[in-house]
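As stored in upload.cif (mmCIF, C-alpha atoms and all ligand atoms):
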```
data_start
#
loop_
_atom_site.label_atom_id
_atom_site.label_comp_id
_atom_site.auth_asym_id
_atom_site.auth_seq_id
_atom_site.Cartn_x
_atom_site.Cartn_y
_atom_site.Cartn_z
CA MET A 17 -14.71 177.48 173.35
CA THR A 18 -14.66 177.04 169.56
CA PRO A 19 -16.14 173.70 168.45
CA PHE A 20 -13.88 171.33 166.52
CA ASN A 21 -14.30 171.78 162.81
CA ARG A 22 -14.77 168.06 162.25
CA ASN A 23 -16.44 167.06 159.01
CA PHE A 24 -19.22 164.62 159.71
CA GLY A 25 -21.25 165.64 156.68
CA GLN A 26 -24.49 167.39 157.36
CA GLY A 27 -25.34 165.52 160.53
CA ARG A 28 -26.22 167.05 163.86
CA SER A 29 -22.76 166.28 165.25
CA ARG A 30 -21.06 169.10 163.35
CA GLU A 31 -22.28 171.66 165.86
CA GLY A 32 -22.42 169.19 168.70
CA ILE A 33 -18.74 168.37 169.27
CA SER A 34 -16.52 170.79 171.16
CA PRO A 35 -13.24 170.43 173.11
CA ASP A 36 -14.90 170.93 176.46
CA MET A 37 -17.43 168.15 176.04
CA ASN A 38 -17.73 165.39 178.56
CA TRP A 39 -17.06 161.95 177.08
CA ARG A 40 -20.58 160.94 178.07
CA GLU A 41 -21.92 163.53 175.66
CA LEU A 42 -20.21 161.91 172.67
CA THR A 43 -21.88 159.13 170.76
CA LYS A 44 -20.58 155.63 171.37
CA ALA A 45 -17.52 154.67 169.36
CA GLY A 46 -18.45 153.27 166.00
CA ASN A 47 -21.77 155.04 165.80
CA ILE A 48 -22.40 156.52 162.40
CA TYR A 49 -24.11 159.89 162.36
CA GLU A 50 -25.49 159.51 158.88
CA PRO A 51 -24.84 157.37 155.78
CA GLY A 52 -21.75 158.28 153.80
CA ASN A 53 -22.52 160.74 151.05
CA ALA A 54 -20.17 162.49 148.64
CA ASN A 55 -22.78 165.08 147.78
CA THR A 56 -21.16 167.76 149.90
CA TYR A 57 -17.68 167.07 148.46
CA GLU A 58 -17.12 168.55 145.06
CA THR A 59 -15.13 165.67 143.64
CA GLY A 60 -15.18 167.31 140.20
CA ASP A 61 -12.11 169.25 141.41
CA TRP A 62 -10.07 166.09 140.85
CA ARG A 63 -10.91 165.87 137.16
CA THR A 64 -8.21 166.28 134.52
CA ILE A 65 -10.36 165.30 131.55
CA ARG A 66 -13.93 166.39 130.99
CA PRO A 67 -16.79 164.64 129.20
CA ILE A 68 -18.39 166.82 126.54
CA TRP A 69 -21.82 165.90 125.21
CA ASN A 70 -22.54 165.97 121.51
CA LYS A 71 -26.25 166.66 121.18
CA GLU A 72 -26.47 165.66 117.51
CA ARG A 73 -25.12 162.16 118.12
CA CYS A 74 -27.09 161.40 121.30
CA ILE A 75 -30.04 158.99 121.01
CA HIS A 76 -30.97 159.35 124.73
CA CYS A 77 -30.54 155.67 125.50
CA LEU A 78 -29.19 156.68 128.96
CA ILE A 79 -26.62 153.91 129.03
CA CYS A 80 -24.14 156.55 130.22
CA TRP A 81 -26.49 157.47 133.07
CA ARG A 82 -26.69 153.82 134.11
CA TYR A 83 -22.93 153.29 134.13
CA CYS A 84 -21.65 156.55 135.63
CA PRO A 85 -20.14 155.58 139.00
CA ASP A 86 -20.65 159.06 140.42
CA ALA A 87 -24.24 159.71 139.41
CA SER A 88 -22.94 162.70 137.49
CA ILE A 89 -25.19 162.38 134.51
CA ILE A 90 -28.47 164.17 134.97
CA SER A 91 -31.48 163.01 133.04
CA THR A 92 -34.75 164.85 132.71
CA ASP A 93 -37.94 163.23 131.44
CA GLY A 94 -36.03 160.10 130.44
CA LYS A 95 -33.51 161.99 128.33
CA PHE A 96 -29.88 163.00 128.74
CA ASP A 97 -29.88 166.49 130.20
CA CYS A 98 -26.38 167.48 131.35
CA PHE A 99 -23.32 166.48 133.33
CA ASP A 100 -22.94 167.34 136.99
CA TYR A 101 -19.43 168.76 136.65
CA LYS A 102 -19.22 169.46 140.37
CA HIS A 103 -19.02 165.73 140.99
CA CYS A 104 -17.88 164.16 137.69
CA LYS A 105 -14.35 162.81 138.18
CA GLY A 106 -13.62 162.43 134.48
CA CYS A 107 -13.24 158.66 134.52
CA GLY A 108 -14.44 158.36 130.91
CA ILE A 109 -16.75 155.40 131.48
CA CYS A 110 -19.69 157.28 129.98
CA ALA A 111 -17.71 157.93 126.80
CA ASN A 112 -16.67 154.30 126.60
CA VAL A 113 -20.16 152.87 126.93
CA CYS A 114 -21.92 155.36 124.69
CA PRO A 115 -23.04 153.44 121.58
CA THR A 116 -23.08 156.49 119.32
CA HIS A 117 -19.83 158.14 120.53
CA ALA A 118 -21.80 161.15 121.66
CA ILE A 119 -19.38 161.91 124.51
CA ASP A 120 -15.86 163.20 123.90
CA MET A 121 -13.27 163.37 126.65
CA ILE A 122 -11.33 166.63 126.49
CA SER A 123 -8.47 167.63 128.77
CA GLU A 124 -9.23 170.42 131.24
CA ASP A 125 -6.07 172.18 130.02
CA GLU A 126 -7.44 172.21 126.50
CA ILE A 127 -10.78 173.59 127.73
CA ASP A 128 -8.96 176.33 129.67
CA LYS A 129 -6.99 177.24 126.53
CA GLN A 130 -10.19 177.43 124.49
CA LYS A 131 -11.83 179.67 127.11
CA GLU A 132 -8.76 181.90 127.15
CA ALA A 133 -8.77 182.16 123.35
CA ARG A 134 -12.47 183.10 123.37
CA ARG A 135 -11.84 185.78 126.01
CA ASN A 136 -9.01 187.22 123.91
CA GLU A 137 -11.28 187.39 120.86
CA GLU A 138 -13.87 189.46 122.72
S1 LIG B 1 -24.99 156.78 126.17
FE1 LIG B 1 -24.58 158.25 124.55
S2 LIG B 1 -26.40 158.18 123.27
FE2 LIG B 1 -26.96 157.23 125.19
S3 LIG B 1 -27.81 158.94 126.43
FE3 LIG B 1 -25.62 158.80 126.90
S4 LIG B 1 -24.68 160.29 125.52
FE4 LIG B 1 -26.70 159.86 124.70
S1 LIG B 2 -16.59 160.90 133.14
FE1 LIG B 2 -17.07 159.30 134.68
S2 LIG B 2 -17.83 160.47 136.44
FE2 LIG B 2 -17.92 161.86 134.70
S3 LIG B 2 -19.99 161.67 133.90
FE3 LIG B 2 -18.69 160.21 132.76
S4 LIG B 2 -18.88 158.27 133.85
FE4 LIG B 2 -19.62 159.89 135.22
#
```

Reformat the file's structure so that it appears as structure tokens.
Ligand code: SF4
Ligand code: SF4
Amino acid sequence: MTPFNRNFGQGRSREGISPDMNWRELTKAGNIYEPGNANTYETGDWRTIRPIWNKERCIHCLICWRYCPDASIISTDGKFDCFDYKHCKGCGICANVCPTHAIDMISEDEIDKQKEARRNEE
């Protein structure tokens, strides 16, 4: 029988639960298989505005990194490196806290239009 496609993250239960299982084989109600983690969910799909980094204005203070609620700012060797666009929800907090205005928030529609225009130029 095909196992239920229940999403329990990456825990062992994903393969372990199937319709023909005996109730004794299930974990006790309320048991948590593993800590909650949004890593496997690409929450960046929700975004309607996108943070764009301006390298020239950045002083690598990493205040944006500290405030991002989704851990979507990647730093390398103590410096701003890039955004994790797979998980960034476009809340704009990083742009608001940046002391040098090195992050612009641009609508995804505008970015799509710019990409389209570039493709047409090629
Ligand atoms: S807060 Fe602004 S200046 Fe500081 S690291 Fe982030 S982008 Fe750069
Ligand atoms: S827009 Fe929000 S989620 Fe995306 S990098 Fe900035 S603070 Fe993080």

*Residue nearest ligand LIG 1 (chain B) - candidates A:Ile89, A:Leu78, A:Asp100, A:Ala111, atoms counted: only C-alpha atoms and all ligand atoms*: A:Leu78

*Using only C-alpha atoms, which of the listed residues (A:Glu41, A:Ile79, A:Asn55, A:Trp62) sits closest to Thr116 in chain A?*
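Answer, going by the shortest atom-to-atom distance: A:Ile79.
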
Around ligand LIG 1 (chain B), fit a box with edges along x, y and z, padding it by 3 Å on each side, then list its centre and edge lengths in Å to one decimal as AutoDock Vina command-line options.
```
--center_x -26.2 --center_y 158.5 --center_z 125.1 --size_x 9.2 --size_y 9.5 --size_z 9.6
```

Per residue of chain A within 8 Å of ligand LIG 2 (chain B), note the shortest atom pair and the distance in Å to one decimal, counting only C-alpha atoms and all ligand atoms, and order the rows by chain and increasing residue number, as a Markdown table.
```
| residue | atom | partner | partner_atom | distance |
| --- | --- | --- | --- | --- |
| A:Ile65 | CA | B:LIG2 | S1 | 7.8 |
| A:Arg66 | CA | B:LIG2 | S1 | 6.5 |
| A:Pro67 | CA | B:LIG2 | S1 | 5.4 |
| A:Cys80 | CA | B:LIG2 | S4 | 6.6 |
| A:Trp81 | CA | B:LIG2 | FE4 | 7.6 |
| A:Tyr83 | CA | B:LIG2 | S4 | 6.4 |
| A:Cys84 | CA | B:LIG2 | S4 | 3.7 |
| A:Pro85 | CA | B:LIG2 | FE4 | 5.8 |
| A:Asp86 | CA | B:LIG2 | S2 | 5.1 |
| A:Ala87 | CA | B:LIG2 | FE4 | 6.2 |
| A:Ser88 | CA | B:LIG2 | S3 | 4.8 |
| A:Ile89 | CA | B:LIG2 | S3 | 5.3 |
| A:Phe99 | CA | B:LIG2 | S3 | 5.9 |
| A:Asp100 | CA | B:LIG2 | S3 | 7.1 |
| A:Tyr101 | CA | B:LIG2 | FE2 | 7.3 |
| A:His103 | CA | B:LIG2 | S2 | 7.1 |
| A:Cys104 | CA | B:LIG2 | FE2 | 3.8 |
| A:Lys105 | CA | B:LIG2 | S2 | 4.5 |
| A:Gly106 | CA | B:LIG2 | S1 | 3.6 |
| A:Cys107 | CA | B:LIG2 | FE1 | 3.9 |
| A:Gly108 | CA | B:LIG2 | S1 | 4.0 |
| A:Ile109 | CA | B:LIG2 | S4 | 4.3 |
| A:Cys110 | CA | B:LIG2 | S4 | 4.1 |
| A:Ala111 | CA | B:LIG2 | FE3 | 6.5 |
| A:Met121 | CA | B:LIG2 | S1 | 7.7 |
```

*Of the candidates A:Asp120, A:Gln130, A:Cys74, A:Gly94, which shows the shortest atom-to-atom distance to ligand LIG 1 (chain B), using only C-alpha atoms and all ligand atoms?*
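Of A:Asp120, A:Gln130, A:Cys74, A:Gly94, the one nearest ligand LIG 1 (chain B), counting only C-alpha atoms and all ligand atoms, is A:Cys74.
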
*A:Glu58, A:Glu124, A:Asp97, A:Asp36 ranked by distance to ligand LIG 1 (chain B), top pick (using only C-alpha atoms and all ligand atoms)*: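 The answer is A:Asp97, which sits nearest to ligand LIG 1 (chain B).
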
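Distances from A:Cys98, A:Met37, A:Ile90, A:Ala118 to ligand LIG 1 (chain B) were compared using only C-alpha atoms and all ligand atoms, and the smallest one belongs to A:Ala118.
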
*Which is closest to ligand LIG 1 (chain B) among A:Lys131, A:Cys77, A:Thr92, A:Asn112, if we use all atoms listed in the file?*
A:Cys77

*Which residues come within 6 Å of Asn70 in chain A, counting all atoms listed in the file, excluding same-chain residues fewer than 2 positions away, as a ChimeraX atom specification?*
/A:72-73,118-119

Restrict the selected residues to C-alpha atoms and save them as a PDB file, in the coordinates of the input.
```pdb
ATOM      1  CA  GLU A  72     -26.470 165.660 117.510  1.00  0.00           C
ATOM      2  CA  ARG A  73     -25.120 162.160 118.120  1.00  0.00           C
ATOM      3  CA  ALA A 118     -21.800 161.150 121.660  1.00  0.00           C
ATOM      4  CA  ILE A 119     -19.380 161.910 124.510  1.00  0.00           C
TER       5      ILE A 119
END
```

*Coordinates-based distance that separates CA of Ile122 in chain A from CA of Trp69 in chain A (Å, one decimal)*: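 Rounded to one decimal, the two atoms are 10.6 Å apart.
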
*One-decimal distance in Å that lies between atom S4 of ligand LIG 1 (chain B) and CA of Lys95 in chain A*: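 Atom S4 of ligand LIG 1 (chain B) lies 9.4 Å from CA of Lys95 in chain A.
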
*Coordinates-based distance that separates atom S3 of ligand LIG 1 (chain B) from CA of Gly60 in chain A (Å, one decimal)*: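 Interatomic distance, CA of Gly60 in chain A to atom S3 of ligand LIG 1 (chain B): 20.5 Å.
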